[in-house]
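**Student:** So here's run-v8.cif, just mmCIF, C-alpha atoms:
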data_work
#
loop_
_atom_site.group_PDB
_atom_site.id
_atom_site.type_symbol
_atom_site.label_atom_id
_atom_site.label_comp_id
_atom_site.auth_asym_id
_atom_site.auth_seq_id
_atom_site.Cartn_x
_atom_site.Cartn_y
_atom_site.Cartn_z
ATOM 1 C CA MET Q 1 71.995 -27.881 155.526
ATOM 2 C CA GLU Q 2 74.880 -30.319 155.284
ATOM 3 C CA HIS Q 3 75.998 -31.520 158.704
ATOM 4 C CA ARG Q 4 79.668 -31.858 159.508
ATOM 5 C CA ASP Q 5 80.689 -35.332 160.634
ATOM 6 C CA TRP Q 6 82.048 -35.831 164.162
ATOM 7 C CA ASP Q 7 85.709 -35.478 163.170
ATOM 8 C CA THR Q 8 85.178 -32.293 161.171
ATOM 9 C CA LEU Q 9 82.912 -30.819 163.834
ATOM 10 C CA LYS Q 10 85.462 -31.490 166.574
ATOM 11 C CA ARG Q 11 88.343 -30.128 164.494
ATOM 12 C CA ASP Q 12 86.431 -26.921 163.745
ATOM 13 C CA CYS Q 13 85.254 -26.552 167.346
ATOM 14 C CA LEU Q 14 88.808 -26.867 168.707
ATOM 15 C CA GLN Q 15 89.765 -23.832 166.608
ATOM 16 C CA CYS Q 16 86.773 -21.705 167.638
ATOM 17 C CA THR Q 17 87.334 -18.078 168.651
ATOM 18 C CA GLY Q 18 83.644 -17.131 168.631
ATOM 19 C CA CYS Q 19 83.609 -15.417 172.032
ATOM 20 C CA GLY Q 20 85.915 -13.950 174.656
ATOM 21 C CA LEU Q 21 86.259 -17.241 176.566
ATOM 22 C CA ALA Q 22 88.592 -18.546 173.834
ATOM 23 C CA ALA Q 23 91.336 -16.161 174.973
ATOM 24 C CA GLY Q 24 91.657 -17.701 178.441
ATOM 25 C CA ARG Q 25 91.337 -21.382 177.688
ATOM 26 C CA THR Q 26 93.922 -24.161 177.911
ATOM 27 C CA HIS Q 27 91.737 -26.616 175.983
ATOM 28 C CA VAL Q 28 88.400 -26.555 174.221
ATOM 29 C CA VAL Q 29 86.232 -29.139 175.985
ATOM 30 C CA PHE Q 30 84.340 -30.572 173.031
ATOM 31 C CA GLY Q 31 82.561 -33.489 174.663
ATOM 32 C CA VAL Q 32 83.121 -37.172 175.319
ATOM 33 C CA GLY Q 33 81.277 -40.458 175.017
ATOM 34 C CA GLN Q 34 79.567 -42.642 172.466
ATOM 35 C CA THR Q 35 78.668 -40.997 169.183
ATOM 36 C CA ASP Q 36 75.603 -43.247 168.818
ATOM 37 C CA ALA Q 37 74.365 -42.552 172.367
ATOM 38 C CA GLU Q 38 70.625 -42.237 172.920
ATOM 39 C CA VAL Q 39 71.216 -40.300 176.149
ATOM 40 C CA LEU Q 40 72.966 -36.908 176.116
ATOM 41 C CA PHE Q 41 74.113 -35.201 179.329
ATOM 42 C CA VAL Q 42 74.677 -31.444 179.133
ATOM 43 C CA GLY Q 43 76.470 -29.320 181.722
ATOM 44 C CA GLU Q 44 76.996 -25.575 181.701
ATOM 45 C CA GLY Q 45 80.720 -25.291 180.977
ATOM 46 C CA PRO Q 46 84.178 -26.596 181.839
ATOM 47 C CA GLY Q 47 85.856 -25.923 185.183
ATOM 48 C CA GLU Q 48 89.573 -25.826 185.926
ATOM 49 C CA ASN Q 49 90.211 -29.594 185.697
ATOM 50 C CA GLU Q 50 88.174 -29.855 182.511
ATOM 51 C CA ASP Q 51 90.067 -26.948 180.935
ATOM 52 C CA LEU Q 52 93.400 -28.598 181.791
ATOM 53 C CA GLN Q 53 92.409 -32.068 180.556
ATOM 54 C CA GLY Q 54 90.099 -31.148 177.685
ATOM 55 C CA GLU Q 55 87.330 -33.472 178.875
ATOM 56 C CA PRO Q 56 84.018 -32.631 180.585
ATOM 57 C CA PHE Q 57 83.344 -33.551 184.218
ATOM 58 C CA VAL Q 58 86.756 -34.840 185.296
ATOM 59 C CA GLY Q 59 87.146 -32.992 188.623
ATOM 60 C CA ARG Q 60 85.530 -33.968 191.938
ATOM 61 C CA GLY Q 61 82.062 -33.260 190.549
ATOM 62 C CA GLY Q 62 82.834 -35.447 187.566
ATOM 63 C CA GLN Q 63 83.975 -38.301 189.794
ATOM 64 C CA LEU Q 64 80.689 -38.086 191.675
ATOM 65 C CA LEU Q 65 78.787 -37.996 188.370
ATOM 66 C CA ASP Q 66 80.647 -41.118 187.165
ATOM 67 C CA LYS Q 67 79.739 -42.959 190.402
ATOM 68 C CA MET Q 68 76.063 -42.052 190.062
ATOM 69 C CA LEU Q 69 76.071 -43.051 186.395
ATOM 70 C CA ALA Q 70 77.739 -46.381 187.176
ATOM 71 C CA ALA Q 71 75.077 -47.144 189.785
ATOM 72 C CA VAL Q 72 72.395 -47.069 187.059
ATOM 73 C CA GLY Q 73 74.431 -48.842 184.376
ATOM 74 C CA LEU Q 74 75.595 -45.759 182.480
ATOM 75 C CA SER Q 75 79.086 -44.537 181.595
ATOM 76 C CA ARG Q 76 80.850 -42.276 179.131
ATOM 77 C CA GLU Q 77 82.848 -45.336 178.026
ATOM 78 C CA HIS Q 78 79.810 -47.395 177.047
ATOM 79 C CA ASN Q 79 76.479 -45.727 176.420
ATOM 80 C CA ILE Q 80 76.140 -41.951 176.912
ATOM 81 C CA TYR Q 81 77.553 -38.703 175.555
ATOM 82 C CA ILE Q 82 78.498 -35.711 177.752
ATOM 83 C CA ALA Q 83 78.853 -32.139 176.506
ATOM 84 C CA ASN Q 84 78.462 -28.574 177.795
ATOM 85 C CA ILE Q 85 76.565 -25.434 176.797
ATOM 86 C CA VAL Q 86 79.905 -23.615 176.425
ATOM 87 C CA LYS Q 87 83.094 -25.409 175.431
ATOM 88 C CA CYS Q 88 85.628 -23.067 177.088
ATOM 89 C CA ARG Q 89 86.036 -22.353 180.796
ATOM 90 C CA PRO Q 90 84.469 -19.137 182.096
ATOM 91 C CA PRO Q 91 86.855 -17.197 184.388
ATOM 92 C CA LYS Q 92 86.785 -18.390 188.030
ATOM 93 C CA ASN Q 93 84.107 -20.947 187.040
ATOM 94 C CA ARG Q 94 81.394 -18.282 186.887
ATOM 95 C CA ASP Q 95 78.193 -19.040 184.972
ATOM 96 C CA PRO Q 96 78.589 -18.552 181.218
ATOM 97 C CA LEU Q 97 77.053 -15.233 180.166
ATOM 98 C CA PRO Q 98 74.059 -15.211 177.780
ATOM 99 C CA ASP Q 99 76.184 -13.913 174.878
ATOM 100 C CA GLU Q 100 78.819 -16.607 175.523
ATOM 101 C CA GLN Q 101 76.100 -19.261 175.525
ATOM 102 C CA GLU Q 102 74.677 -17.835 172.324
ATOM 103 C CA ALA Q 103 78.092 -17.788 170.619
ATOM 104 C CA CYS Q 104 78.734 -21.421 171.563
ATOM 105 C CA ILE Q 105 75.337 -23.157 171.418
ATOM 106 C CA GLY Q 106 75.711 -23.949 167.699
ATOM 107 C CA TRP Q 107 78.351 -26.578 168.511
ATOM 108 C CA LEU Q 108 75.977 -28.336 170.893
ATOM 109 C CA ARG Q 109 73.184 -28.101 168.316
ATOM 110 C CA GLU Q 110 75.388 -29.889 165.795
ATOM 111 C CA GLN Q 111 76.373 -32.528 168.335
ATOM 112 C CA PHE Q 112 72.677 -32.980 169.072
ATOM 113 C CA ALA Q 113 71.882 -33.316 165.359
ATOM 114 C CA LEU Q 114 74.575 -35.987 164.907
ATOM 115 C CA LEU Q 115 73.457 -37.916 167.992
ATOM 116 C CA SER Q 116 69.659 -37.603 167.649
ATOM 117 C CA PRO Q 117 69.320 -38.496 171.345
ATOM 118 C CA LYS Q 118 66.056 -39.749 172.776
ATOM 119 C CA ILE Q 119 66.780 -38.296 176.233
ATOM 120 C CA VAL Q 120 68.689 -35.149 177.272
ATOM 121 C CA VAL Q 121 69.723 -34.724 180.912
ATOM 122 C CA CYS Q 122 70.602 -31.159 181.932
ATOM 123 C CA LEU Q 123 73.139 -31.078 184.749
ATOM 124 C CA GLY Q 124 72.326 -27.987 186.794
ATOM 125 C CA ARG Q 125 70.330 -24.799 186.479
ATOM 126 C CA VAL Q 126 72.209 -23.095 183.628
ATOM 127 C CA ALA Q 127 71.815 -26.018 181.217
ATOM 128 C CA ALA Q 128 68.200 -26.635 182.225
ATOM 129 C CA CYS Q 129 67.260 -22.958 181.800
ATOM 130 C CA ARG Q 130 68.913 -22.915 178.381
ATOM 131 C CA LEU Q 131 67.510 -26.191 177.030
ATOM 132 C CA ILE Q 132 64.225 -26.821 178.866
ATOM 133 C CA SER Q 133 62.759 -23.495 179.994
ATOM 134 C CA PRO Q 134 64.215 -20.095 180.944
ATOM 135 C CA ASP Q 135 62.382 -20.184 184.285
ATOM 136 C CA PHE Q 136 63.343 -23.776 185.158
ATOM 137 C CA LYS Q 137 63.729 -24.264 188.936
ATOM 138 C CA VAL Q 138 66.143 -27.136 189.383
ATOM 139 C CA THR Q 139 65.414 -27.573 193.095
ATOM 140 C CA ARG Q 140 61.682 -27.996 192.405
ATOM 141 C CA GLN Q 141 61.531 -29.496 188.923
ATOM 142 C CA HIS Q 142 64.482 -31.874 188.949
ATOM 143 C CA GLY Q 143 63.657 -35.415 187.878
ATOM 144 C CA GLN Q 144 60.613 -34.382 185.831
ATOM 145 C CA PHE Q 145 60.575 -35.216 182.136
ATOM 146 C CA PHE Q 146 59.513 -32.628 179.563
ATOM 147 C CA GLU Q 147 58.993 -33.423 175.902
ATOM 148 C CA LYS Q 148 60.435 -30.987 173.374
ATOM 149 C CA GLY Q 149 60.401 -31.830 169.689
ATOM 150 C CA GLY Q 150 60.047 -35.542 170.360
ATOM 151 C CA VAL Q 151 62.973 -35.582 172.806
ATOM 152 C CA LEU Q 152 62.543 -36.164 176.542
ATOM 153 C CA MET Q 153 64.424 -33.629 178.665
ATOM 154 C CA MET Q 154 65.128 -33.729 182.365
ATOM 155 C CA GLY Q 155 66.975 -31.338 184.664
ATOM 156 C CA THR Q 156 68.876 -32.617 187.681
ATOM 157 C CA LEU Q 157 71.143 -31.152 190.331
ATOM 158 C CA HIS Q 158 74.664 -30.290 189.211
ATOM 159 C CA PRO Q 159 77.336 -32.635 190.634
ATOM 160 C CA ALA Q 160 79.305 -29.628 191.947
ATOM 161 C CA ALA Q 161 76.196 -28.516 193.866
ATOM 162 C CA LEU Q 162 75.905 -32.000 195.404
ATOM 163 C CA LEU Q 163 79.467 -31.683 196.711
ATOM 164 C CA ARG Q 164 78.478 -28.410 198.390
ATOM 165 C CA TYR Q 165 75.107 -29.713 199.629
ATOM 166 C CA PRO Q 166 75.481 -33.466 200.214
ATOM 167 C CA SER Q 167 71.957 -33.647 201.678
ATOM 168 C CA GLN Q 168 70.669 -33.272 198.096
ATOM 169 C CA LYS Q 169 72.393 -36.449 196.890
ATOM 170 C CA PRO Q 170 69.383 -38.738 197.542
ATOM 171 C CA ASP Q 171 67.179 -36.429 195.429
ATOM 172 C CA ALA Q 172 69.703 -36.481 192.609
ATOM 173 C CA PHE Q 173 70.066 -40.237 192.797
ATOM 174 C CA ALA Q 174 66.288 -40.620 192.580
ATOM 175 C CA ASP Q 175 66.519 -38.651 189.308
ATOM 176 C CA PHE Q 176 69.063 -41.156 187.987
ATOM 177 C CA LEU Q 177 66.799 -44.067 188.935
ATOM 178 C CA ALA Q 178 63.939 -42.356 187.083
ATOM 179 C CA LEU Q 179 66.283 -41.898 184.124
ATOM 180 C CA ARG Q 180 67.158 -45.601 184.110
ATOM 181 C CA GLU Q 181 63.456 -46.460 184.046
ATOM 182 C CA LYS Q 182 62.829 -44.000 181.192
ATOM 183 C CA ILE Q 183 65.741 -45.451 179.186
ATOM 184 C CA GLY Q 184 64.023 -48.837 179.471
ATOM 185 C CA GLU Q 185 60.851 -47.317 178.043
ATOM 186 C CA VAL Q 186 62.142 -45.224 175.136
ATOM 187 C CA CYS Q 187 65.678 -46.264 174.162
ATOM 188 C CA THR Q 188 66.234 -49.036 171.641
ATOM 189 C CA HIS Q 189 69.943 -49.878 171.829
ATOM 190 C CA THR Q 190 71.220 -48.508 175.158
ATOM 191 C CA GLN Q 191 72.775 -51.467 176.967
ATOM 192 C CA LEU Q 192 73.182 -50.789 180.673
ATOM 193 C CA VAL Q 193 76.613 -51.900 181.880
ATOM 194 C CA TYR Q 194 77.362 -52.363 185.580
ATOM 195 C CA PRO Q 195 80.958 -52.227 186.789
ATOM 196 C CA ASP Q 196 80.691 -55.375 188.903
ATOM 197 C CA GLY Q 197 78.692 -57.280 186.306
ATOM 198 C CA GLU Q 198 75.304 -57.084 188.087
#
Can you turn what I pasted into structure tokens?

**Tutor:**
Amino acid sequence: MEHRDWDTLKRDCLQCTGCGLAAGRTHVVFGVGQTDAEVLFVGEGPGENEDLQGEPFVGRGGQLLDKMLAAVGLSREHNIYIANIVKCRPPKNRDPLPDEQEACIGWLREQFALLSPKIVVCLGRVAACRLISPDFKVTRQHGQFFEKGGVLMMGTLHPAALLRYPSQKPDAFADFLALREKIGEVCTHTQLVYPDGE
């Protein structure tokens, strides 16, 4: 099968009407980051801020995510790619329904094929259940690496959940430290970049 290139894929995705979520969107949230990234972060779907701006993880949860990334030398500007299971916002930020996920997952599959990431980090339960295992328990299994098809996959706590339950932040940060260590083991060209030039 011939893969679309990034530009064609994005153009086609922005015109998608494959499920009912398309009717209520302001923007399709395609994804953001480096198109040669070895590390792919996947969330469940856009929220209100993401829908308005057309970029994933730009609200309060996204700001927290960016801080945690920066602490381990990662950023959407330099060395990772961030996408979602569904590209349009579910009403009232509810979880995307199974048929919505199914209608949309092809876009993520193509992004995955273009990236060929070595590590996939699932942000939250919905993404982890979809990509790692349907019975994934994010509170118990976060930070563990699972190999699927030669790719290492890890689930971690969703940034929005950390805003609601700040006591879980140390657990989530430990996952990011484990991720940094794993990047050192398996990635070949991911340069960690620290904001204050550590």

**Student:** Taking only C-alpha atoms into account, which of Q:Leu152, Q:Val32, Q:Leu123, Q:Cys104 comes nearest Q:Ile80?

**Tutor:** Q:Val32

**Student:** When you draw a straight line from atom CA of Q:Met154 to atom CA of Q:Val121, how long is it in Å?

**Tutor:**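 Answer for the atom CA of Q:Met154 to atom CA of Q:Val121 separation: 4.9 Å.
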
**Student:** Using all atoms listed in the file, pick whichever of Q:Ala103, Q:Leu192, Q:Ala172, Q:Leu179 has the shortest atom-to-atom distance to Q:Leu65.

**Tutor:** Q:Ala172

**Student:** Output the residue selection produced by the PyMOL selection byres ((chain Q and resi 10-19) around 9) on the file above, formatted as a PyMOL selection string.

**Tutor:** chain Q and resi 5-9+20-23+27-31+87+99-100+103-104+107

**Student:** How many Å lie between atom CA of Q:Gln53 and atom CA of Q:Thr35, rounded to one decimal?

**Tutor:** 19.9 Å

**Student:** Given the PyMOL selection byres ((chain Q and resi 96) around 12) and the file above, list the residues it selects as a compact mmCIF listing (two decimals) with C-alpha atoms, in the frame of the given file.

**Tutor:**
# COMPACT_ATOMS: atom_id res chain seq x y z
CA CYS Q 19 83.61 -15.42 172.03
CA GLY Q 20 85.92 -13.95 174.66
CA LEU Q 21 86.26 -17.24 176.57
CA GLY Q 43 76.47 -29.32 181.72
CA GLU Q 44 77.00 -25.58 181.70
CA GLY Q 45 80.72 -25.29 180.98
CA PRO Q 46 84.18 -26.60 181.84
CA GLY Q 47 85.86 -25.92 185.18
CA ASN Q 84 78.46 -28.57 177.80
CA ILE Q 85 76.56 -25.43 176.80
CA VAL Q 86 79.90 -23.62 176.42
CA LYS Q 87 83.09 -25.41 175.43
CA CYS Q 88 85.63 -23.07 177.09
CA ARG Q 89 86.04 -22.35 180.80
CA PRO Q 90 84.47 -19.14 182.10
CA PRO Q 91 86.86 -17.20 184.39
CA LYS Q 92 86.78 -18.39 188.03
CA ASN Q 93 84.11 -20.95 187.04
CA ARG Q 94 81.39 -18.28 186.89
CA ASP Q 95 78.19 -19.04 184.97
CA LEU Q 97 77.05 -15.23 180.17
CA PRO Q 98 74.06 -15.21 177.78
CA ASP Q 99 76.18 -13.91 174.88
CA GLU Q 100 78.82 -16.61 175.52
CA GLN Q 101 76.10 -19.26 175.52
CA GLU Q 102 74.68 -17.84 172.32
CA ALA Q 103 78.09 -17.79 170.62
CA CYS Q 104 78.73 -21.42 171.56
CA ILE Q 105 75.34 -23.16 171.42
CA ARG Q 125 70.33 -24.80 186.48
CA VAL Q 126 72.21 -23.10 183.63
CA ALA Q 127 71.82 -26.02 181.22
CA ARG Q 130 68.91 -22.92 178.38

**Student:** Could you tell me how far atom CA of Q:Phe112 lies from atom CA of Q:Phe146, in Å and to one decimal?

**Tutor:** 16.8 Å

**Student:** Of the candidates Q:Val39, Q:Leu157, Q:Leu163, Q:Leu108, which one gets nearest to Q:Gly59 if we count all atoms listed in the file?

**Tutor:**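 Of the candidates, the smallest distance to Q:Gly59 is held by Q:Leu163.
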
**Student:** With all atoms listed in the file counted and 9 Å as the cut-off, give the residues of stretch 36-121 of chain Q in contact with stretch 147-151 of chain Q, each with its shortest interatomic distance in Å and the pair that gives it, as a Markdown table.

**Tutor:**
| residue | atom | partner | partner_atom | distance |
| --- | --- | --- | --- | --- |
| Q:Ser116 | CA | Q:Val151 | CA | 8.7 |
| Q:Pro117 | CA | Q:Val151 | CA | 7.1 |
| Q:Lys118 | CA | Q:Val151 | CA | 5.2 |
| Q:Ile119 | CA | Q:Val151 | CA | 5.8 |
| Q:Val120 | CA | Q:Val151 | CA | 7.3 |

**Student:** Between Q:Asp171, Q:Ala160, Q:Asp36, Q:Glu77, which has the minimum distance to Q:Gln63 (counting all atoms listed in the file)?

**Tutor:**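 When distances to Q:Gln63 are compared using all atoms listed in the file, the smallest one comes from Q:Ala160.
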
**Student:** Write out as a PyMOL selection string the residues lying within 12 Å of Q:Asp175, counting all atoms listed in the file and excluding same-chain residues fewer than 2 positions away.

**Tutor:** chain Q and resi 68-69+72+121-123+138-139+141-145+153-158+168-173+177-182

**Student:** Counting all atoms listed in the file, which of Q:His189, Q:Gly33, Q:Ile183, Q:Thr26 gets nearest to Q:Gly54?

**Tutor:**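 Of Q:His189, Q:Gly33, Q:Ile183, Q:Thr26, the one nearest Q:Gly54, counting all atoms listed in the file, is Q:Thr26.
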
**Student:** In terms of the shortest atom-to-atom distance over only C-alpha atoms, which of Q:Arg140, Q:Asp135, Q:Asp66, Q:Arg164 is closest to Q:His78?

**Tutor:** Q:Asp66

**Student:** Using only C-alpha atoms - which residues lie no farther than 8 Å from the point (75.0, -51.2, 192.3) in the file's frame? Write them as a short mmCIF file (atom, residue, chain, number, x, y, z; two decimals) with C-alpha atoms, in the frame of the given file.

**Tutor:**
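Output saved as result_35.cif:
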data_model
loop_
_atom_site.label_atom_id
_atom_site.label_comp_id
_atom_site.auth_asym_id
_atom_site.auth_seq_id
_atom_site.Cartn_x
_atom_site.Cartn_y
_atom_site.Cartn_z
CA ALA Q 70 77.74 -46.38 187.18
CA ALA Q 71 75.08 -47.14 189.78
CA VAL Q 72 72.40 -47.07 187.06
CA TYR Q 194 77.36 -52.36 185.58
CA ASP Q 196 80.69 -55.38 188.90
CA GLU Q 198 75.30 -57.08 188.09
#
